[in-house]
>>> print(open('data.tsv').read())   # TSV, C-alpha atoms
chain	number	residue	atom	x	y	z
A	581	MET	CA	65.54	353.48	81.88
A	582	PRO	CA	62.60	351.21	81.04
A	583	THR	CA	63.10	347.60	80.03
A	584	ILE	CA	59.92	347.51	77.92
A	585	THR	CA	59.30	350.31	75.42
A	586	SER	CA	56.79	351.00	72.70
A	587	ASP	CA	59.52	350.07	70.20
A	588	HIS	CA	59.39	346.53	71.58
A	589	LEU	CA	55.63	346.45	71.09
A	590	HIS	CA	55.97	347.80	67.53
A	591	ALA	CA	58.49	345.01	66.80
A	592	LEU	CA	56.17	342.43	68.35
A	593	LEU	CA	53.21	343.56	66.25
A	594	ALA	CA	55.38	343.68	63.12
A	595	SER	CA	56.65	340.15	63.65
A	596	ALA	CA	55.91	337.74	60.84
A	597	HIS	CA	55.35	335.03	63.44
A	598	ARG	CA	51.76	334.80	64.66
A	599	ASP	CA	52.94	333.24	67.93
A	600	ALA	CA	55.68	335.81	68.63
A	601	ALA	CA	56.34	336.74	72.24
A	602	LEU	CA	58.04	339.65	73.98
A	603	VAL	CA	60.43	338.18	76.53
A	604	VAL	CA	63.06	339.39	78.94
A	605	VAL	CA	66.33	337.47	79.11
A	606	GLY	CA	69.19	338.70	81.24
A	607	GLY	CA	67.44	342.02	81.86
A	608	ARG	CA	66.96	342.75	78.16
A	609	ALA	CA	63.72	342.66	76.21
A	610	ALA	CA	63.50	340.81	72.89
A	611	VAL	CA	60.88	339.60	70.46
A	612	VAL	CA	61.15	335.88	69.79
A	613	PRO	CA	59.26	333.82	67.21
A	614	ALA	CA	57.41	331.59	69.68
A	615	ASP	CA	56.41	331.33	73.33
A	616	PRO	CA	59.53	330.15	75.18
A	617	GLY	CA	57.27	328.42	77.69
A	618	ARG	CA	56.60	325.81	75.01
A	619	GLY	CA	60.29	325.01	74.64
A	620	ASP	CA	60.84	327.06	71.48
A	621	GLY	CA	63.09	329.71	73.05
A	622	PRO	CA	65.60	330.37	75.80
A	623	GLU	CA	64.69	328.50	78.98
A	624	GLU	CA	65.53	331.48	81.20
A	625	ALA	CA	63.24	333.83	79.24
A	626	LEU	CA	60.40	335.52	81.08
A	627	VAL	CA	57.42	335.99	78.78
A	628	VAL	CA	56.07	339.51	79.19
A	629	THR	CA	53.32	339.34	76.57
A	630	THR	CA	52.48	337.81	73.23
A	631	ARG	CA	51.58	339.28	69.88
A	632	ASN	CA	48.06	337.89	70.17
A	633	ALA	CA	47.61	339.38	73.65
A	634	VAL	CA	48.65	342.84	72.45
A	635	ILE	CA	46.30	342.60	69.47
A	636	ALA	CA	43.46	341.54	71.78
A	637	GLU	CA	44.24	344.36	74.22
A	638	LEU	CA	44.69	347.20	71.77
A	639	ASP	CA	43.32	346.08	68.41
A	640	THR	CA	45.50	346.11	65.30
A	641	GLY	CA	44.84	349.82	64.73
A	642	ALA	CA	46.55	350.88	67.96
A	643	ASN	CA	48.18	354.29	67.89
A	644	ASP	CA	51.54	355.27	69.35
A	645	GLU	CA	49.94	356.70	72.50
A	646	GLN	CA	48.19	353.40	73.24
A	647	LEU	CA	51.38	351.42	72.62
A	648	GLU	CA	53.36	353.75	74.88
A	649	SER	CA	50.76	353.38	77.64
A	650	LEU	CA	50.78	349.59	77.38
A	651	ALA	CA	54.60	349.54	77.35
A	652	GLN	CA	54.64	351.57	80.57
A	653	ARG	CA	52.14	349.24	82.24
A	654	LEU	CA	54.13	346.18	81.21
A	655	ASP	CA	57.37	347.76	82.41
A	656	VAL	CA	55.83	348.57	85.82
A	657	ALA	CA	54.52	344.99	86.09
A	658	LEU	CA	57.98	343.66	85.19
A	659	ASP	CA	59.60	345.90	87.81
A	660	SER	CA	57.18	344.60	90.44
A	661	LEU	CA	58.39	341.08	89.65
A	662	GLY	CA	61.97	342.15	90.12
A	663	GLY	CA	62.73	341.98	86.37
>>> encode(input="data.tsv", output="structure tokens")
Amino acid sequence: MPTITSDHLHALLASAHRDAALVVVGGRAAVVPADPGRGDGPEEALVVTTRNAVIAELDTGANDEQLESLAQRLDVALDSLGG
């Protein structure tokens, strides 16, 4: 079962926070309002991507197929880190 799904990316893009990040904490993915690396979130959180990075990668008009593909790539990268 993947840790990162297109649902996570949909939630990230829908976030009202411009600086939202998709993080993994305790093996679970979550969207948080700000980059935890700046001290605004859980210290043990691993930042997978940010809202701005997804927008830059896919454009705001991304379709479900593009989001699913990106989610799979992010999940594989996370697995390679041991996440």
>>> residues_around(input="data.tsv", residues="Arg598 in chain A", least_positions_apart="6", cutoff="9 Å", atoms="only C-alpha atoms", output="short mmCIF file (atom, residue, chain, number, x, y, z; two decimals) with C-alpha atoms, keeping the file's coordinate frame")
data_model
loop_
_atom_site.label_atom_id
_atom_site.label_comp_id
_atom_site.auth_asym_id
_atom_site.auth_seq_id
_atom_site.Cartn_x
_atom_site.Cartn_y
_atom_site.Cartn_z
CA PRO A 613 59.26 333.82 67.21
CA ALA A 614 57.41 331.59 69.68
CA ARG A 631 51.58 339.28 69.88
CA ASN A 632 48.06 337.89 70.17
#
>>> residues_around(input="data.tsv", residues="Met581 in chain A", least_positions_apart="5", cutoff="12 Å", atoms="only C-alpha atoms", output="list in words")
Gly607, Arg608, Gln652, Asp655, Val656 and Asp659 of chain A
>>> residues_around(input="data.tsv", residues="range 639-651 of chain A", least_positions_apart="6", cutoff="8 Å", atoms="all atoms listed in the file", output="PyMOL selection string")
chain A and resi 584-586+589-590
>>> closest_residue(input="data.tsv", among="A:Leu661, A:Ala600, A:Val605, A:Leu592", to="Glu624 in chain A", atoms="only C-alpha atoms")
A:Val605
>>> atom_distance(input="data.tsv", atom1="CA of Ala636 in chain A", atom2="CA of Gly606 in chain A")
27.6 Å
>>> residues_around(input="data.tsv", residues="Leu602 in chain A", least_positions_apart="4", cutoff="6 Å", atoms="all atoms listed in the file", output="list of chain:residue names")
A:Ala610, A:Val611, A:Val628, A:Thr629, A:Thr630
>>> atom_distance(input="data.tsv", atom1="CA of Ser660 in chain A", atom2="CA of His597 in chain A")
28.7 Å
>>> axis_aligned_box(input="data.tsv", around="range 585-602 of chain A", padding_each_side="3 Å", output="AutoDock Vina command-line options")
--center_x 55.6 --center_y 342.1 --center_z 68.1 --size_x 13.8 --size_y 23.8 --size_z 20.6
>>> atom_distance(input="data.tsv", atom1="CA of Leu626 in chain A", atom2="CA of Leu638 in chain A")
21.7 Å
>>> closest_residue(input="data.tsv", among="A:Val612, A:Ala657, A:Val634, A:Ala625", to="Ser595 in chain A", atoms="only C-alpha atoms")
A:Val612
>>> decode(input="data.tsv", residues="range 584-610 of chain A", atoms="N, CA, C and O atoms", output="short mmCIF file (atom, residue, chain, number, x, y, z; two decimals), in the first residue's frame")
data_model
loop_
_atom_site.label_atom_id
_atom_site.label_comp_id
_atom_site.auth_asym_id
_atom_site.auth_seq_id
_atom_site.Cartn_x
_atom_site.Cartn_y
_atom_site.Cartn_z
N ILE A 584 2.22 7.65 -0.29
CA ILE A 584 1.81 8.87 -0.97
C ILE A 584 0.83 8.50 -2.08
O ILE A 584 1.13 7.64 -2.91
N THR A 585 -0.32 9.15 -2.08
CA THR A 585 -1.33 8.90 -3.11
C THR A 585 -1.72 10.22 -3.78
O THR A 585 -1.40 11.31 -3.29
N SER A 586 -2.46 10.10 -4.86
CA SER A 586 -2.94 11.31 -5.53
C SER A 586 -3.90 12.09 -4.63
O SER A 586 -4.00 13.31 -4.76
N ASP A 587 -4.57 11.41 -3.70
CA ASP A 587 -5.44 12.12 -2.76
C ASP A 587 -4.63 13.11 -1.91
O ASP A 587 -5.10 14.21 -1.61
N HIS A 588 -3.42 12.71 -1.54
CA HIS A 588 -2.55 13.61 -0.78
C HIS A 588 -2.19 14.84 -1.62
O HIS A 588 -2.17 15.96 -1.10
N LEU A 589 -1.92 14.61 -2.89
CA LEU A 589 -1.56 15.74 -3.76
C LEU A 589 -2.76 16.65 -4.00
O LEU A 589 -2.61 17.87 -4.04
N HIS A 590 -3.95 16.06 -4.13
CA HIS A 590 -5.17 16.88 -4.26
C HIS A 590 -5.33 17.75 -3.01
O HIS A 590 -5.63 18.94 -3.11
N ALA A 591 -5.14 17.16 -1.84
CA ALA A 591 -5.27 17.91 -0.58
C ALA A 591 -4.22 19.01 -0.50
O ALA A 591 -4.50 20.12 -0.03
N LEU A 592 -3.02 18.71 -0.94
CA LEU A 592 -1.94 19.70 -0.93
C LEU A 592 -2.29 20.89 -1.83
O LEU A 592 -2.15 22.05 -1.43
N LEU A 593 -2.76 20.59 -3.03
CA LEU A 593 -3.11 21.66 -3.96
C LEU A 593 -4.33 22.46 -3.49
O LEU A 593 -4.45 23.64 -3.77
N ALA A 594 -5.22 21.80 -2.76
CA ALA A 594 -6.43 22.47 -2.27
C ALA A 594 -6.18 23.26 -0.99
O ALA A 594 -7.06 24.01 -0.56
N SER A 595 -5.01 23.11 -0.41
CA SER A 595 -4.71 23.80 0.84
C SER A 595 -4.82 25.31 0.68
O SER A 595 -4.40 25.88 -0.32
N ALA A 596 -5.39 25.94 1.68
CA ALA A 596 -5.50 27.39 1.68
C ALA A 596 -4.16 28.05 2.00
O ALA A 596 -4.01 29.26 1.83
N HIS A 597 -3.21 27.28 2.46
CA HIS A 597 -1.89 27.80 2.83
C HIS A 597 -0.94 27.72 1.64
O HIS A 597 -0.66 26.64 1.13
N ARG A 598 -0.45 28.85 1.22
CA ARG A 598 0.47 28.90 0.07
C ARG A 598 1.76 28.12 0.32
O ARG A 598 2.38 27.63 -0.59
N ASP A 599 2.16 28.03 1.59
CA ASP A 599 3.41 27.35 1.92
C ASP A 599 3.17 25.93 2.46
O ASP A 599 4.01 25.38 3.16
N ALA A 600 2.04 25.34 2.12
CA ALA A 600 1.72 23.99 2.60
C ALA A 600 2.75 22.98 2.10
O ALA A 600 3.35 23.14 1.03
N ALA A 601 2.94 21.94 2.90
CA ALA A 601 3.89 20.88 2.56
C ALA A 601 3.23 19.53 2.79
O ALA A 601 2.38 19.37 3.67
N LEU A 602 3.63 18.56 1.99
CA LEU A 602 3.24 17.17 2.20
C LEU A 602 4.38 16.51 2.94
O LEU A 602 5.53 16.51 2.47
N VAL A 603 4.09 16.01 4.13
CA VAL A 603 5.12 15.42 4.97
C VAL A 603 4.74 14.00 5.34
O VAL A 603 3.59 13.59 5.21
N VAL A 604 5.74 13.27 5.82
CA VAL A 604 5.50 11.94 6.37
C VAL A 604 6.00 11.97 7.80
O VAL A 604 7.13 12.36 8.08
N VAL A 605 5.10 11.58 8.71
CA VAL A 605 5.42 11.51 10.13
C VAL A 605 4.95 10.14 10.62
O VAL A 605 3.79 9.79 10.44
N GLY A 606 5.85 9.38 11.19
CA GLY A 606 5.48 8.08 11.70
C GLY A 606 4.93 7.15 10.64
O GLY A 606 4.03 6.35 10.91
N GLY A 607 5.40 7.28 9.41
CA GLY A 607 4.96 6.41 8.32
C GLY A 607 3.65 6.82 7.67
O GLY A 607 3.16 6.13 6.78
N ARG A 608 3.10 7.95 8.07
CA ARG A 608 1.83 8.43 7.52
C ARG A 608 2.03 9.78 6.86
O ARG A 608 2.69 10.66 7.40
N ALA A 609 1.41 9.94 5.69
CA ALA A 609 1.49 11.21 4.97
C ALA A 609 0.43 12.17 5.47
O ALA A 609 -0.68 11.76 5.83
N ALA A 610 0.78 13.46 5.49
CA ALA A 610 -0.16 14.50 5.91
C ALA A 610 0.23 15.82 5.25
O ALA A 610 1.39 16.06 4.96
#
